[in-house]
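Peer 1: Submitted below is the structure of interest, expressed as structure tokens.
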Amino acid sequence: MRDFSHTELENAVIYEVNIRQYSKEGTFKSFEKDLPLLKELGVRILWFMPIQPISLTKRKAENLSLIESIEDESQRKRTLGSPYAIADYTAIHPDYGSMQDFKQLVSKAHALGIFVILDWVANHTGWDHKWLSERPEFYHKNQKGEITEPTDRNGKSLGWNDVAHLNYAHKELREAMYKQMEFWLKETDIDGFRCDVADMVPLDFWEFAVSKLRETKAVFMLAESDHREFLQMAFSVGYDWKIHYLMNEIAAGRKNVVHLDEAIRWEQENYSSQTVFMRFTSNHDENAWKGSASERLGEAEEAFAALTYLLPGLPLIYNGQEYDAQHRLKFFEKDEILKNKGKMFKVYTALGKLKNNHPALNGGFRKATYRRINTSDDKNILAFVRENKGRQLIYLANLSAQTRNFTLPLTGAFENYMPGRIHLWNGIELSFSPWQYWILSPVDENHAGEDEAGRFSNQSLEK
């Protein structure tokens, strides 16, 4: 039985798989071929977006209209719908392959030391789900007795009219939903779940379900939430929304490193040291609705990608980021990513090796320490050291769109994970180009095997 409180969690990279868009074929078989490549990227946890059949009733199109209102036959055929409008929790979408294909993929991932988690949508179902006819009491209803789409806590529509809202006030729903989750553990040997809009589902359901699931095997539970009680009581890892949005704001020039420092301090003061966050510059929602990482972050993309690896926690790659994806992937239609290895593939490969191998980047329950290094320009320069077992790594970055001159209290020789050795002394003035960053290791900290972490170049150093 795998125990995710141990070493597997500490140095993992998470990779989000949008199976429809990952390849031309959009199948498990085609994805399976790239498992060795993903391991090369340092990936240790694969998160698959929902792989179940998608409801046809009220299927949503790219223009957000429902399929019933679409007269053009070619557009109807292109309308594949949201993966989060699930028609059957325990079946496989036929476009992706068979149940046996998925089992084989999981088995091959495990053989490479990669864990597999499945996106789980507990808040709602598609309108074709059999529960609507067989167990209508499982759903929220309006005053007319009609099953409703999801709403916020004030009863306002969220615009998710392609799905029906489940009601956890009904106790039998809790057992039924847990059984659907248990099916995947027992049938396919997956290792856990990423739980969609987790904090819109009652916490006591998750406490019940996770406790029961762990009777089958140790599970990794990722919550699409940063609510403290959810991360304390039921989930292994939560979303780092606060710093994600701050990175966007800093890249746009609306916020700076002072705000980032405040967010990190707030996190340290308000969450247990056992809390683990997933750090990310993109995911399927952010890419589709807010823009690709390149679109939102521009020249800052690489510096912030490195930051997600250097901060305490687990970094995420959304499929396509490693191939310098420049556009928003369509959410309701086929939109294949283009696999051209460019700058970011090299960057993510080197960061992955560093994350996997260096104890100073432990990010799980036994995370390495984080300590801010003050500079002469803390409004624009971020410097911090991670330390564990006597080993250190330092992140030093100009998180602004202007060249910055600054000093910092570091003395000694450092190996830079961009090529070359650097000698620093207290009070030395450095000049960093916009979005330039270094990852430094004290030379006397180098141990046998550390060279496996690799070296990589930064765009700002090449200007």
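Chain identifiers are assigned as A, B, and so on, following the order in which chains appear in the structure tokens; residues are numbered from 1 within each chain, and ligands are numbered from 1 in order of appearance.
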Would you pick out the contacts of stretch 190-203 of chain A at 7 Å or less, using only C-alpha atoms, so that residues sharing its chain but fewer than 5 positions from it are not included, and give the list as a list in words?
Peer 2: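 Using only C-alpha atoms, the neighbours found are Val106, Phe115, Val116, Ile117, Leu118, Asp119, Trp120, Val121, Asn123, Trp184, Leu185, Val219, Phe220, Met221, Leu222, Ala223, Glu224, Ser225 and Phe230 of chain A.
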Peer 1: So which residues of stretch 175-283 of chain A fall under alpha helix (DSSP H) by DSSP, listed as a PyMOL selection string?
Peer 2: chain A and resi 175-188+203-213+228-233+241-251+257-270
Peer 1: Residues at most 9 Å from A:Glu182, counting only C-alpha atoms, excluding those fewer than 6 positions away in the same chain, as a compact mmCIF listing (two decimals) with C-alpha atoms, in the first residue's frame?
Peer 2:
# COMPACT_ATOMS: atom_id res chain seq x y z
CA ALA A 209 -15.54 9.21 1.76
CA LYS A 212 -13.70 4.79 3.68
CA LEU A 213 -11.41 4.97 0.63
CA THR A 216 -8.96 0.12 0.43
Peer 1: Give me the residues within 9 Å of A:Tyr139 as a list in words, counting only C-alpha atoms and dropping any in the same chain fewer than 5 places off.
Peer 2: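 Listing them by chain and then by number gives His124, Trp131, Leu132, Ile147, Thr148, Ala164, His165, Leu166, Asn167, Tyr168 and His170 of chain A.
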Peer 1: Taking only C-alpha atoms into account, name the residue in A:Ile51, A:Leu430, A:Ile264, A:Leu310 that is nearest to A:Phe102.
Peer 2: A:Ile51
Peer 1: If you run DSSP on the backbone, which residues of stretch 126-191 of chain A are strand (DSSP E or B), as an mmCIF file with N, CA and C atoms, in the first residue's frame?
Peer 2:
data_model
loop_
_atom_site.group_PDB
_atom_site.id
_atom_site.type_symbol
_atom_site.label_atom_id
_atom_site.label_comp_id
_atom_site.auth_asym_id
_atom_site.auth_seq_id
_atom_site.Cartn_x
_atom_site.Cartn_y
_atom_site.Cartn_z
ATOM 1 N N GLY A 126 -24.021 15.241 -15.289
ATOM 2 C CA GLY A 126 -24.654 15.643 -16.534
ATOM 3 C C GLY A 126 -26.139 15.291 -16.490
ATOM 4 N N TYR A 139 -31.026 15.269 -6.009
ATOM 5 C CA TYR A 139 -30.716 16.567 -6.623
ATOM 6 C C TYR A 139 -31.448 17.715 -5.937
ATOM 7 N N LYS A 141 -33.771 20.937 -5.989
ATOM 8 C CA LYS A 141 -34.959 21.269 -6.787
ATOM 9 C C LYS A 141 -35.426 22.685 -6.449
ATOM 10 N N ILE A 147 -35.508 19.817 -11.034
ATOM 11 C CA ILE A 147 -34.082 19.702 -10.723
ATOM 12 C C ILE A 147 -33.355 20.912 -11.294
ATOM 13 N N THR A 151 -25.891 26.409 -8.100
ATOM 14 C CA THR A 151 -25.946 27.822 -7.732
ATOM 15 C C THR A 151 -24.884 28.101 -6.677
ATOM 16 N N SER A 157 -27.340 31.622 -9.993
ATOM 17 C CA SER A 157 -26.829 30.687 -10.996
ATOM 18 C C SER A 157 -25.349 30.933 -11.263
ATOM 19 N N VAL A 163 -25.175 21.024 -16.346
ATOM 20 C CA VAL A 163 -25.099 19.998 -15.299
ATOM 21 C C VAL A 163 -26.212 20.196 -14.272
ATOM 22 N N ALA A 164 -26.514 19.122 -13.541
ATOM 23 C CA ALA A 164 -27.570 19.106 -12.523
ATOM 24 C C ALA A 164 -26.933 19.010 -11.141
ATOM 25 N N HIS A 165 -27.449 19.787 -10.197
ATOM 26 C CA HIS A 165 -26.831 19.999 -8.894
ATOM 27 C C HIS A 165 -27.230 18.914 -7.889
ATOM 28 N N LEU A 166 -26.248 18.191 -7.390
ATOM 29 C CA LEU A 166 -26.498 17.156 -6.394
ATOM 30 C C LEU A 166 -26.712 17.757 -5.012
#
Peer 1: Distance atom CA of A:Val257-atom CA of A:Trp438, one decimal place?
Peer 2: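 Taking atom CA of A:Val257 and atom CA of A:Trp438, their separation equals 16.1 Å.
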Peer 1: Find the residues around stretch 349-360 of chain A up to 6 Å (only C-alpha atoms counted), leave out those fewer than 5 positions away in its own chain, and share them as a list in words.
Peer 2: Asn11, Leu41, Gly42, Ala368, Arg386, Glu387, Asn388, Arg391, Gln392, Ala453 and Gly454 of chain A
Peer 1: Would you save the residues from that selection as a PDB file, in the first residue's frame, using C-alpha atoms?
Peer 2:
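Below you can see part_7.pdb, which holds the result:
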ATOM      1  CA  ASN A  11       9.441  15.815  -4.431  1.00  0.00           C
ATOM      2  CA  LEU A  41      10.051  15.892 -17.005  1.00  0.00           C
ATOM      3  CA  GLY A  42      10.074  14.809 -13.367  1.00  0.00           C
ATOM      4  CA  ALA A 368      12.157  21.928   3.661  1.00  0.00           C
ATOM      5  CA  ARG A 386      15.104  26.509   1.125  1.00  0.00           C
ATOM      6  CA  GLU A 387      17.023  24.209   3.462  1.00  0.00           C
ATOM      7  CA  ASN A 388      16.788  20.566   4.496  1.00  0.00           C
ATOM      8  CA  ARG A 391      21.430  21.253   1.943  1.00  0.00           C
ATOM      9  CA  GLN A 392      20.377  24.630   0.559  1.00  0.00           C
ATOM     10  CA  ALA A 453      19.752  17.888 -11.245  1.00  0.00           C
ATOM     11  CA  GLY A 454      20.896  19.350 -14.561  1.00  0.00           C
TER      12      GLY A 454
END
Peer 1: Set the distance at 9 Å and use only C-alpha atoms: which residues neighbour stretch 244-250 of chain A once local chain neighbours fewer than 5 positions away are removed? I'd like the list as a count of residues only.
Peer 2: 17
Peer 1: For A:Leu9, which residue among A:Phe384, A:Tyr96, A:Phe365, A:Phe432 is the nearest when counting only C-alpha atoms?
Peer 2: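 Counting only C-alpha atoms, the residue closest to A:Leu9 is A:Phe365.
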Peer 1: Quote the spacing between atom CA of A:Asn374 and atom CA of A:Leu408 in Å to one decimal place.
Peer 2: 6.6 Å
Peer 1: Any idea what's packed within 8 Å of stretch 25-27 of chain A, counting only C-alpha atoms, ignoring anything in its chain fewer than 3 positions away? Could you give it as a ChimeraX atom specification?
Peer 2: /A:19-22,30-31,95-97
